[in-house]
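Structure file input_39.cif; described as mmCIF, C-alpha atoms.
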data_entry
loop_
_atom_site.label_atom_id
_atom_site.label_comp_id
_atom_site.auth_asym_id
_atom_site.auth_seq_id
_atom_site.Cartn_x
_atom_site.Cartn_y
_atom_site.Cartn_z
CA MET A 1 8.88 19.41 -4.41
CA GLY A 2 8.01 17.27 -7.47
CA THR A 3 10.31 16.55 -10.37
CA THR A 4 10.39 13.70 -12.83
CA ALA A 5 13.14 15.12 -14.98
CA SER A 6 15.72 12.58 -16.13
CA GLN A 7 17.97 13.52 -13.21
CA LEU A 8 17.03 14.51 -9.68
CA ARG A 9 18.69 17.66 -8.37
CA LYS A 10 20.78 17.15 -5.22
CA ASP A 11 18.53 19.40 -3.12
CA VAL A 12 15.40 17.50 -4.24
CA LEU A 13 17.10 14.16 -3.61
CA SER A 14 18.08 15.31 -0.10
CA GLU A 15 14.55 16.52 0.58
CA TYR A 16 13.08 13.18 -0.52
CA GLN A 17 15.56 11.39 1.71
CA GLU A 18 14.51 13.52 4.70
CA LEU A 19 10.80 12.91 4.04
CA THR A 20 10.97 9.14 3.51
CA PHE A 21 12.55 6.03 4.99
CA LEU A 22 14.50 5.55 1.76
CA THR A 23 18.22 5.90 1.07
CA LYS A 24 19.52 8.09 -1.75
CA GLN A 25 20.27 4.95 -3.80
CA GLU A 26 16.70 3.66 -3.29
CA ILE A 27 15.25 7.03 -4.33
CA LEU A 28 17.40 7.11 -7.46
CA LEU A 29 16.36 3.56 -8.36
CA ALA A 30 12.71 4.43 -7.71
CA HIS A 31 13.10 7.49 -9.94
CA LYS A 32 14.58 5.36 -12.72
CA ARG A 33 11.84 2.70 -12.44
CA PHE A 34 9.09 5.34 -12.31
CA GLY A 35 10.55 7.11 -15.35
CA GLU A 36 10.49 3.84 -17.29
CA LEU A 37 6.71 3.69 -16.74
CA LEU A 38 6.14 7.20 -18.12
CA LEU A 39 5.66 7.97 -21.80
CA LYS A 40 8.80 9.57 -23.28
CA GLU A 41 7.09 12.96 -23.67
CA GLU A 42 6.06 12.98 -19.98
CA ARG A 43 9.50 12.26 -18.53
CA ASN A 44 10.54 15.89 -18.20
CA HIS A 45 7.29 17.15 -16.68
CA SER A 46 6.92 17.51 -12.95
CA ASN A 47 3.93 15.79 -11.34
CA SER A 48 3.34 13.42 -14.26
CA ARG A 49 1.05 10.54 -13.29
CA VAL A 50 1.46 6.90 -14.15
CA PRO A 51 -1.87 5.10 -14.57
CA MET A 52 -2.61 2.30 -12.11
CA ASP A 53 -2.57 -0.37 -14.84
CA LYS A 54 1.06 0.55 -15.64
CA ILE A 55 2.08 0.61 -11.96
CA LEU A 56 0.58 -2.88 -11.62
CA THR A 57 3.02 -4.18 -14.26
CA LEU A 58 5.89 -3.78 -11.78
CA PRO A 59 7.00 -7.28 -10.75
CA GLU A 60 6.99 -6.17 -7.11
CA LEU A 61 3.23 -5.51 -7.25
CA LYS A 62 2.10 -7.88 -9.99
CA SER A 63 1.49 -10.85 -7.66
CA ASN A 64 0.38 -8.88 -4.59
CA PRO A 65 -3.30 -9.67 -3.93
CA PHE A 66 -3.80 -6.09 -2.67
CA ARG A 67 -2.03 -4.39 -5.61
CA LYS A 68 -5.02 -2.31 -6.77
CA ARG A 69 -5.91 -1.30 -3.24
CA ILE A 70 -2.28 -0.29 -2.58
CA CYS A 71 -2.37 2.06 -5.59
CA GLN A 72 -5.71 3.50 -4.48
CA VAL A 73 -4.43 4.20 -0.95
CA PHE A 74 -1.23 5.91 -2.08
CA SER A 75 -2.73 7.82 -5.01
CA THR A 76 -3.32 11.55 -4.52
CA SER A 77 -5.43 11.70 -7.68
CA ASP A 78 -8.59 13.78 -7.32
CA VAL A 79 -10.46 11.31 -9.53
CA LYS A 80 -9.52 8.33 -7.30
CA ASP A 81 -8.15 6.34 -10.25
CA GLY A 82 -5.13 4.85 -8.47
CA SER A 83 -2.66 6.71 -10.68
CA LEU A 84 0.58 7.73 -8.96
CA THR A 85 2.89 10.72 -9.15
CA PHE A 86 6.56 10.13 -8.39
CA GLU A 87 5.99 11.44 -4.87
CA ASP A 88 3.04 9.03 -4.40
CA PHE A 89 5.33 6.25 -5.60
CA LEU A 90 8.01 7.30 -3.09
CA ASP A 91 5.42 7.35 -0.28
CA LEU A 92 4.38 3.82 -1.23
CA LEU A 93 7.95 2.54 -1.30
CA SER A 94 8.77 4.36 1.92
CA ALA A 95 5.86 2.76 3.82
CA PHE A 96 6.86 -0.68 2.52
CA SER A 97 10.61 -0.21 3.15
CA ASP A 98 12.58 -2.16 5.74
CA SER A 99 13.27 1.10 7.58
CA ALA A 100 9.62 2.13 8.04
CA THR A 101 8.37 1.87 11.61
CA LEU A 102 5.75 -0.59 12.83
CA GLU A 103 3.39 2.34 13.38
CA ILE A 104 3.73 3.53 9.76
CA LYS A 105 3.43 0.03 8.31
CA SER A 106 0.39 -0.85 10.43
CA HIS A 107 -1.28 2.49 9.58
CA TYR A 108 -0.98 1.82 5.85
CA ALA A 109 -1.93 -1.86 6.18
CA PHE A 110 -5.08 -0.76 8.00
CA ARG A 111 -5.90 1.75 5.24
CA ILE A 112 -5.32 -0.90 2.56
CA PHE A 113 -7.64 -3.36 4.35
CA ASP A 114 -10.30 -0.67 4.97
CA PHE A 115 -11.86 -1.18 1.54
CA ASP A 116 -14.76 1.21 2.12
CA ASP A 117 -12.51 3.93 3.63
CA ASP A 118 -14.75 4.41 6.68
CA GLY A 119 -11.99 4.19 9.31
CA THR A 120 -12.97 0.73 10.58
CA LEU A 121 -12.63 -2.87 9.46
CA ASP A 122 -16.12 -4.32 9.47
CA GLY A 123 -17.48 -7.63 8.20
CA GLY A 124 -17.51 -6.40 4.59
CA ASP A 125 -13.87 -5.28 4.74
CA LEU A 126 -12.83 -8.53 6.41
CA GLU A 127 -14.65 -10.59 3.75
CA LYS A 128 -12.85 -8.68 0.96
CA LEU A 129 -9.54 -9.09 2.81
CA VAL A 130 -10.04 -12.87 3.13
CA ASN A 131 -11.10 -13.15 -0.53
CA CYS A 132 -7.95 -11.28 -1.61
CA LEU A 133 -5.83 -13.71 0.39
CA THR A 134 -7.60 -16.93 -0.61
CA GLY A 135 -8.51 -16.01 -4.15
CA GLU A 136 -12.04 -15.91 -5.46
CA THR A 137 -12.08 -19.06 -7.55
CA ASP A 138 -14.52 -21.89 -6.84
CA ASP A 139 -11.59 -24.01 -5.61
CA THR A 140 -10.37 -21.46 -3.06
CA ARG A 141 -13.45 -19.46 -2.07
CA LEU A 142 -14.75 -20.11 1.44
CA THR A 143 -18.34 -21.18 1.89
CA PRO A 144 -20.62 -18.55 3.42
CA GLU A 145 -20.55 -20.47 6.72
CA GLU A 146 -16.73 -20.72 6.71
CA MET A 147 -16.50 -16.99 5.93
CA ARG A 148 -18.92 -16.09 8.76
CA GLN A 149 -16.98 -18.27 11.20
CA LEU A 150 -13.62 -16.77 10.16
CA ILE A 151 -14.93 -13.19 10.43
CA ASN A 152 -16.41 -13.98 13.85
CA ASN A 153 -13.04 -15.42 14.95
CA ILE A 154 -11.16 -12.34 13.68
CA LEU A 155 -13.56 -10.00 15.49
CA GLU A 156 -13.44 -12.11 18.67
CA GLU A 157 -9.65 -11.83 18.68
CA SER A 158 -9.33 -8.20 17.55
CA ASP A 159 -12.44 -6.21 18.51
CA ILE A 160 -11.43 -5.11 22.01
CA ASP A 161 -14.37 -2.73 22.55
CA LYS A 162 -16.85 -5.28 21.11
CA ASP A 163 -18.51 -2.81 18.72
CA GLY A 164 -18.44 -5.25 15.79
CA THR A 165 -15.56 -3.51 13.99
CA VAL A 166 -11.79 -3.23 14.29
CA ASN A 167 -10.47 0.34 14.57
CA LEU A 168 -6.89 1.44 13.94
CA SER A 169 -5.73 1.11 17.55
CA GLU A 170 -7.24 -2.38 17.84
CA PHE A 171 -5.59 -3.34 14.56
CA GLN A 172 -2.23 -1.97 15.74
CA HIS A 173 -2.59 -3.92 18.99
CA VAL A 174 -3.08 -7.16 17.04
CA ILE A 175 -0.21 -6.35 14.66
CA SER A 176 2.13 -5.59 17.58
CA ARG A 177 1.75 -9.24 18.62
CA SER A 178 2.63 -10.51 15.15
CA PRO A 179 6.41 -10.86 14.85
CA ASP A 180 6.30 -11.52 11.09
CA PHE A 181 4.30 -8.44 10.13
CA VAL A 182 7.15 -5.92 9.77
CA SER A 183 9.31 -8.28 7.71
CA SER A 184 6.44 -9.36 5.46
CA PHE A 185 4.98 -5.88 4.84
CA LYS A 186 7.61 -4.77 2.34
CA ILE A 187 8.28 -4.07 -1.30
CA VAL A 188 11.87 -3.96 -2.51
CA LEU A 189 12.66 -2.63 -5.98
#
As structure tokens, the full file:
Amino acid sequence: MGTTASQLRKDVLSEYQELTFLTKQEILLAHKRFGELLLKEERNHSNSRVPMDKILTLPELKSNPFRKRICQVFSTSDVKDGSLTFEDFLDLLSAFSDSATLEIKSHYAFRIFDFDDDGTLDGGDLEKLVNCLTGETDDTRLTPEEMRQLINNILEESDIDKDGTVNLSEFQHVISRSPDFVSSFKIVL
């Protein structure tokens, strides 16, 4: 499936359109932007990878507090370095597109917030999530007591089975009651 040649063939473009929530125009723009991140000698090789630090220079990700985690979740790299192929990049943009379903968006949000990749959001994940949102400077960091209280409140509201963690279905239940989630979980090139 993969190609990063300077032009996408029509059949490849159609296949990408079928496999994502992106329009042909969005795929072509994504291809152009991805190609700009590649070194000139890599542009005609299929399955070239862009390192995470280059992906993070995109204005659409630069100010996102979860930018590194987003790259890690969408990267198919065996070495878990957050580098992205063009197809990884398309998957990322597809999940964050306006056309992606609530189920897809909430699935990826859960994976992004599951920092230890254990399939649940526990106190450690929730603390990292809060720190990403508030910043980790002395001016913005919560006190240990404030953090404990906030995590307890999140679990009280979200942990339906009272096991001390939030699983995917509990997370999706909470997200389904949040009208702003779908419109705020997006990246537009």
Here's the selection I'm unsure about, the PyMOL selection byres ((chain A and resi 103-108) around 10); applied to the file above, which residues does it give, as a PyMOL selection string?
chain A and resi 70+73-74+92+94-102+109-114+168-169+171-176+181-182+185-186
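Here the question is which of A:Asp138, A:Asp122, A:Leu28, A:Arg33 gets nearest to Lys162 (chain A) using all atoms listed in the file, and that residue is A:Asp122.
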Chain and number of each residue from the PyMOL selection byres ((chain A and resi 48-53) around 6), as a PyMOL selection string
chain A and resi 45-47+54-56+82-85
Computed interatomic separation between CA of Asp163 (chain A) and CA of Thr120 (chain A) (Å)
10.5 Å
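For the pair CA of Val12 (chain A) and CA of Phe86 (chain A), the separation is 12.2 Å.
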Between CA of Thr20 (chain A) and CA of Leu93 (chain A) - distance in Å to one decimal
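Between these atoms lies a distance of 8.7 Å.
Using all atoms listed in the file, the shortest contact distance between Ile151 (chain A) and any of A:Asn131, A:Thr137, A:Asn167, A:Gln25 is found at A:Asn131.
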Go through A:Glu36, A:Glu156, A:Glu26, A:Asp11 and flag the residue nearest Leu90 (chain A), using only C-alpha atoms for the distances.
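Of A:Glu36, A:Glu156, A:Glu26, A:Asp11, the one nearest Leu90 (chain A), counting only C-alpha atoms, is A:Glu26.
Across A:Glu170, A:Leu155, A:Lys10, A:Leu22, the tightest approach to Asp91 (chain A) is made by A:Leu22 when counting all atoms listed in the file.
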Skipping near chain neighbours, those fewer than 3 positions away, what residues fall within 9 Å of Phe115 (chain A) using all atoms listed in the file, listed as a PyMOL selection string?
chain A and resi 69+111-112+118+121+124-126+128-129
